[in-house]
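File shown here: upload_30.txt, holding compact mmCIF, C-alpha atoms.
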# COMPACT_ATOMS: atom_id res chain seq x y z
CA MET L 1 39.48 98.79 -39.61
CA TYR L 2 39.55 95.37 -37.96
CA GLN L 3 37.92 93.41 -40.78
CA PHE L 4 41.17 91.51 -41.34
CA LEU L 5 40.62 89.83 -37.97
CA THR L 6 37.73 87.82 -39.43
CA TRP L 7 40.11 85.87 -41.69
CA ASP L 8 42.71 85.52 -38.92
CA ILE L 9 40.09 84.18 -36.50
CA PHE L 10 38.86 81.70 -39.12
CA LEU L 11 42.44 80.44 -39.63
CA ALA L 12 42.86 80.16 -35.84
CA TRP L 13 39.91 77.76 -35.67
CA VAL L 14 41.32 75.50 -38.43
CA PRO L 15 43.88 73.63 -36.25
CA PHE L 16 41.29 73.04 -33.52
CA ILE L 17 38.85 71.65 -36.08
CA ILE L 18 41.57 69.43 -37.56
CA SER L 19 42.70 68.15 -34.13
CA SER L 20 39.06 67.37 -33.27
CA MET L 21 38.77 65.39 -36.52
CA ILE L 22 42.04 63.56 -35.75
CA SER L 23 40.75 62.70 -32.28
CA TYR L 24 37.46 61.47 -33.73
CA VAL L 25 39.13 59.24 -36.34
CA CYS L 26 41.65 57.85 -33.82
CA ASN L 27 38.83 56.85 -31.44
CA MET L 28 37.30 54.68 -34.17
CA LYS L 29 38.65 51.36 -35.41
CA LEU L 30 41.82 52.23 -37.32
CA THR L 31 42.36 50.91 -40.83
CA LYS L 32 45.19 51.52 -43.29
CA MET L 33 43.05 54.18 -44.93
CA SER L 34 42.22 55.96 -41.67
CA ILE L 35 45.87 55.84 -40.54
CA ALA L 36 46.91 57.50 -43.82
CA LEU L 37 44.15 60.08 -43.35
CA VAL L 38 45.36 60.81 -39.80
CA GLY L 39 48.91 61.26 -41.11
CA VAL L 40 47.75 63.83 -43.68
CA MET L 41 45.59 65.61 -41.10
CA CYS L 42 48.48 65.72 -38.61
CA ALA L 43 50.71 67.40 -41.21
CA GLY L 44 47.95 69.90 -42.01
CA TRP L 45 47.37 70.50 -38.31
CA LEU L 46 51.06 71.25 -37.70
CA PHE L 47 51.16 73.71 -40.63
CA PHE L 48 48.04 75.56 -39.45
CA LEU L 49 48.70 75.45 -35.69
CA PRO L 50 50.68 78.75 -35.55
CA ASN L 51 47.59 80.58 -36.83
CA SER L 52 45.99 80.15 -33.39
CA ALA L 53 48.82 81.57 -31.30
CA TYR L 54 49.37 84.20 -34.01
CA LEU L 55 46.22 85.95 -32.75
CA PHE L 56 48.18 86.87 -29.62
CA THR L 57 50.28 89.24 -31.73
CA GLU L 58 47.18 91.08 -32.95
CA ILE L 59 47.29 93.08 -29.69
CA LEU L 60 49.73 95.40 -31.44
CA HIS L 61 46.83 96.77 -33.53
CA ALA L 62 45.35 98.36 -30.40
CA PHE L 63 48.28 100.80 -30.45
CA ARG L 64 48.91 101.36 -34.15
CA TYR L 65 46.30 104.11 -34.55
CA PHE L 66 47.35 106.14 -31.50
CA ASP L 67 50.29 108.48 -31.01
CA SER L 68 52.11 107.44 -27.84
CA GLN L 69 53.70 110.90 -27.48
CA GLY L 70 50.57 112.91 -28.23
CA GLU L 71 48.42 115.04 -25.97
CA PRO L 72 46.04 114.15 -24.50
CA LYS L 73 47.41 110.73 -23.61
CA PHE L 74 45.99 108.00 -25.82
CA TRP L 75 44.65 105.99 -22.88
CA PHE L 76 42.10 108.75 -22.23
CA ASN L 77 40.62 108.02 -25.65
CA ILE L 78 37.72 105.52 -25.46
CA ASP L 79 38.52 104.34 -28.99
CA PHE L 80 41.82 103.02 -27.65
CA TRP L 81 39.99 100.96 -25.00
CA TYR L 82 37.61 99.58 -27.61
CA SER L 83 40.61 98.58 -29.73
CA LEU L 84 42.48 97.09 -26.77
CA THR L 85 39.43 95.12 -25.60
CA LEU L 86 38.83 93.70 -29.07
CA THR L 87 42.45 92.72 -29.69
CA PHE L 88 42.82 91.33 -26.15
CA VAL L 89 39.76 89.08 -26.58
CA VAL L 90 41.11 87.94 -29.95
CA ALA L 91 44.53 87.22 -28.38
CA ILE L 92 42.97 85.13 -25.59
CA LEU L 93 40.80 83.26 -28.12
CA GLY L 94 43.90 82.40 -30.15
CA LEU L 95 45.82 81.11 -27.14
CA VAL L 96 42.84 79.06 -25.92
CA LEU L 97 42.35 77.50 -29.37
CA SER L 98 46.07 76.73 -29.57
CA ILE L 99 46.38 75.05 -26.18
CA CYS L 100 43.07 73.16 -26.51
CA SER L 101 44.15 71.84 -29.90
CA ILE L 102 47.54 70.76 -28.54
CA HIS L 103 45.79 69.18 -25.55
CA GLN L 104 43.74 67.00 -27.91
CA ILE L 105 46.86 65.84 -29.75
CA HIS L 106 48.72 65.29 -26.49
CA GLY L 107 45.89 63.01 -25.33
CA LEU L 108 46.39 60.86 -28.43
CA LEU L 109 50.18 60.86 -28.02
CA LYS L 110 49.90 59.64 -24.42
CA LYS L 111 48.08 56.53 -25.65
CA ARG L 112 50.98 55.61 -27.93
CA LEU L 113 54.09 57.03 -26.23
CA ARG L 114 55.53 57.14 -22.75
CA GLN L 115 54.67 60.22 -20.73
CA PHE L 116 58.13 61.80 -21.04
CA SER L 117 58.26 61.16 -24.80
CA SER L 118 54.81 62.66 -25.31
CA MET L 119 55.85 65.77 -23.32
CA VAL L 120 58.99 66.14 -25.48
CA VAL L 121 56.87 65.93 -28.65
CA VAL L 122 54.48 68.55 -27.26
CA GLY L 123 57.46 70.77 -26.41
CA VAL L 124 58.77 70.49 -29.98
CA ILE L 125 55.27 71.25 -31.33
CA LEU L 126 55.05 74.37 -29.14
CA LEU L 127 58.49 75.48 -30.31
CA LEU L 128 57.58 74.99 -33.98
CA SER L 129 54.30 76.82 -33.40
CA SER L 130 56.17 79.75 -31.83
CA LEU L 131 58.56 79.87 -34.79
CA GLY L 132 55.54 79.79 -37.11
CA VAL L 133 54.07 82.81 -35.31
CA TYR L 134 57.33 84.69 -35.92
CA ILE L 135 57.39 83.70 -39.59
CA GLY L 136 53.80 84.87 -40.01
CA ARG L 137 54.13 88.13 -38.10
CA PHE L 138 57.53 89.37 -39.30
CA ASN L 139 58.26 87.52 -42.57
CA ARG L 140 54.57 87.61 -43.58
CA TRP L 141 54.44 84.00 -44.82
CA ASN L 142 51.21 81.95 -44.71
CA SER L 143 50.77 78.34 -43.59
CA TRP L 144 50.45 77.05 -47.16
CA ASP L 145 53.72 78.74 -48.14
CA VAL L 146 55.55 76.02 -46.21
CA LEU L 147 54.65 73.70 -49.10
CA LYS L 148 54.91 76.27 -51.88
CA GLN L 149 58.15 78.05 -50.98
CA PRO L 150 59.97 76.26 -48.13
CA GLY L 151 63.38 77.36 -49.43
CA LEU L 152 62.51 81.06 -49.24
CA ILE L 153 61.07 80.66 -45.74
CA LEU L 154 64.25 78.92 -44.59
CA LYS L 155 66.33 81.65 -46.23
CA ASP L 156 64.36 84.34 -44.37
CA ILE L 157 64.88 82.54 -41.06
CA MET L 158 68.63 82.21 -41.66
CA THR L 159 68.83 85.90 -42.68
CA ASP L 160 66.98 86.93 -39.52
CA LEU L 161 69.21 84.74 -37.35
CA SER L 162 72.37 86.29 -38.77
CA ALA L 163 71.10 89.88 -38.49
CA GLY L 164 72.64 91.82 -35.62
CA ASN L 165 69.34 93.38 -34.55
CA SER L 166 67.22 90.24 -34.96
CA ILE L 167 64.53 89.52 -32.37
CA LEU L 168 63.83 86.01 -33.73
CA VAL L 169 65.22 84.03 -30.77
CA GLU L 170 63.74 86.31 -28.10
CA PHE L 171 60.35 86.51 -29.81
CA VAL L 172 60.11 82.75 -30.37
CA ALA L 173 61.16 82.14 -26.75
CA MET L 174 58.53 84.61 -25.50
CA VAL L 175 55.67 83.04 -27.51
CA PHE L 176 56.90 79.58 -26.46
CA VAL L 177 56.80 80.52 -22.75
CA ILE L 178 53.33 82.07 -23.13
CA GLN L 179 52.01 78.91 -24.80
CA VAL L 180 53.68 76.63 -22.23
CA PHE L 181 52.21 78.71 -19.39
CA GLY L 182 48.77 78.52 -21.00
CA TYR L 183 49.08 74.78 -21.56
CA ILE L 184 50.22 74.07 -17.99
CA THR L 185 47.36 76.24 -16.69
CA LEU L 186 44.87 74.24 -18.77
CA ARG L 187 46.29 70.94 -17.50
CA ILE L 188 46.10 72.12 -13.86
CA LEU L 189 42.52 73.36 -14.27
CA MET L 190 41.47 70.12 -15.99
CA GLY L 191 43.15 68.08 -13.25
CA LYS L 192 41.27 70.00 -10.58
CA SER L 193 37.96 69.68 -12.42
CA ASN L 194 38.47 65.90 -12.69
CA ASN L 195 38.98 65.71 -8.90
CA ILE L 196 35.69 67.51 -8.10
Before anything else, please render the file you have as structure tokens.
Amino acid sequence: MYQFLTWDIFLAWVPFIISSMISYVCNMKLTKMSIALVGVMCAGWLFFLPNSAYLFTEILHAFRYFDSQGEPKFWFNIDFWYSLTLTFVVAILGLVLSICSIHQIHGLLKKRLRQFSSMVVVGVILLLSSLGVYIGRFNRWNSWDVLKQPGLILKDIMTDLSAGNSILVEFVAMVFVIQVFGYITLRILMGKSNNI
């Protein structure tokens, strides 16, 4: 019943692979061709980045097969704990891939921008990623739909914003805070490991 996670996990690895390729190309001697290639890869990376943090929302599948009001309580069912363990590991993997990928890009930004400017860019990237998670989870759009049907995606966002019962702002803020917390934790841990 969790076969769909295979595709989601594959998509979560895509931005990390792209950011690794960007980092590799940028550490070589840059030419006009390689700069154009980096530009294309950066756009692709930004489109696919929400797929990593999206895995965090897969935790909901641990609960979808269990009746919260039933007897006996669902948490006495070992199948629930198998489901929760699987989806929790997948959620952590997604967050780790997201923050490691952003860390790679941030490293490149710091070489070209001032520290404050690079932090602002990272903040905007995290916000866009969080919005992308919402679009994927609730509006069911894919990364490539940004190119195919941007008008419909924008229309869905505006509809959700104007709805009285919309959770768009709160959900995006929550995913943003989770990603920021994860990113700050990574930076602290990396700083401590560099001092050892």
Leaving out Leu126 in chain L and any residue of its chain fewer than 3 positions from it, which residues lie within 9 Å of it when counting only C-alpha atoms, given as a PDB file with C-alpha atoms, in the coordinates of the input?
ATOM      1  CA  PRO L  50      50.680  78.750 -35.550  1.00  0.00           C
ATOM      2  CA  ILE L 102      47.540  70.760 -28.540  1.00  0.00           C
ATOM      3  CA  VAL L 121      56.870  65.930 -28.650  1.00  0.00           C
ATOM      4  CA  VAL L 122      54.480  68.550 -27.260  1.00  0.00           C
ATOM      5  CA  GLY L 123      57.460  70.770 -26.410  1.00  0.00           C
ATOM      6  CA  SER L 129      54.300  76.820 -33.400  1.00  0.00           C
ATOM      7  CA  SER L 130      56.170  79.750 -31.830  1.00  0.00           C
ATOM      8  CA  LEU L 131      58.560  79.870 -34.790  1.00  0.00           C
ATOM      9  CA  VAL L 175      55.670  83.040 -27.510  1.00  0.00           C
ATOM     10  CA  PHE L 176      56.900  79.580 -26.460  1.00  0.00           C
ATOM     11  CA  GLN L 179      52.010  78.910 -24.800  1.00  0.00           C
ATOM     12  CA  VAL L 180      53.680  76.630 -22.230  1.00  0.00           C
TER      13      VAL L 180
END
* Asked: Separation of CA of Tyr134 in chain L and CA of Leu168 in chain L, in Å?
  -> 7.0 Å
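The neighbours of Val25 in chain L here are the residues that come within 12 Å of it, using all atoms listed in the file and leaving out any residue fewer than 4 positions away in the same chain; they are Ile18, Ser19, Ser20, Met21, Lys29, Leu30, Thr31, Met33, Ser34, Ile35, Ala36, Leu37, Val38, Gly39, Met41, Cys42 and Leu108 of chain L.
Atom to atom, CA of Ala12 in chain L and CA of Ile178 in chain L stand 16.6 Å apart.
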Please put the answer as AutoDock Vina command-line options: centre and edge lengths, in Å with one decimal, of a box along x, y and z that encloses all listed atoms of range 139-152 of chain L plus 6 Å on each side.
--center_x 56.9 --center_y 80.7 --center_z -47.2 --size_x 24.9 --size_y 25.9 --size_z 21.3
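Using all atoms listed in the file, the shortest contact distance between Asn27 in chain L and any of L:Phe76, L:Ile184, L:Met119, L:Gln104 is found at L:Gln104.
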Could you list, as a PDB file with C-alpha atoms, in the coordinates of the input, every residue within 7 Å of Ile92 in chain L, counting all atoms listed in the file and ignoring same-chain residues fewer than 4 positions away?
ATOM      1  CA  PHE L  56      48.180  86.870 -29.620  1.00  0.00           C
ATOM      2  CA  PHE L  88      42.820  91.330 -26.150  1.00  0.00           C
ATOM      3  CA  VAL L  96      42.840  79.060 -25.920  1.00  0.00           C
TER       4      VAL L  96
END
* Choose the residue, out of L:Leu109, L:Leu147, L:Leu5, L:Ala163, that has the smallest atom-to-atom separation from Val90 in chain L; count all atoms listed in the file. =>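 Of L:Leu109, L:Leu147, L:Leu5, L:Ala163, the one nearest Val90 in chain L, counting all atoms listed in the file, is L:Leu5.
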* Counting only C-alpha atoms, the residue of L:Ile135, L:Lys110, L:Ser143, L:Tyr2 that sits nearest Met158 in chain L -> L:Ile135
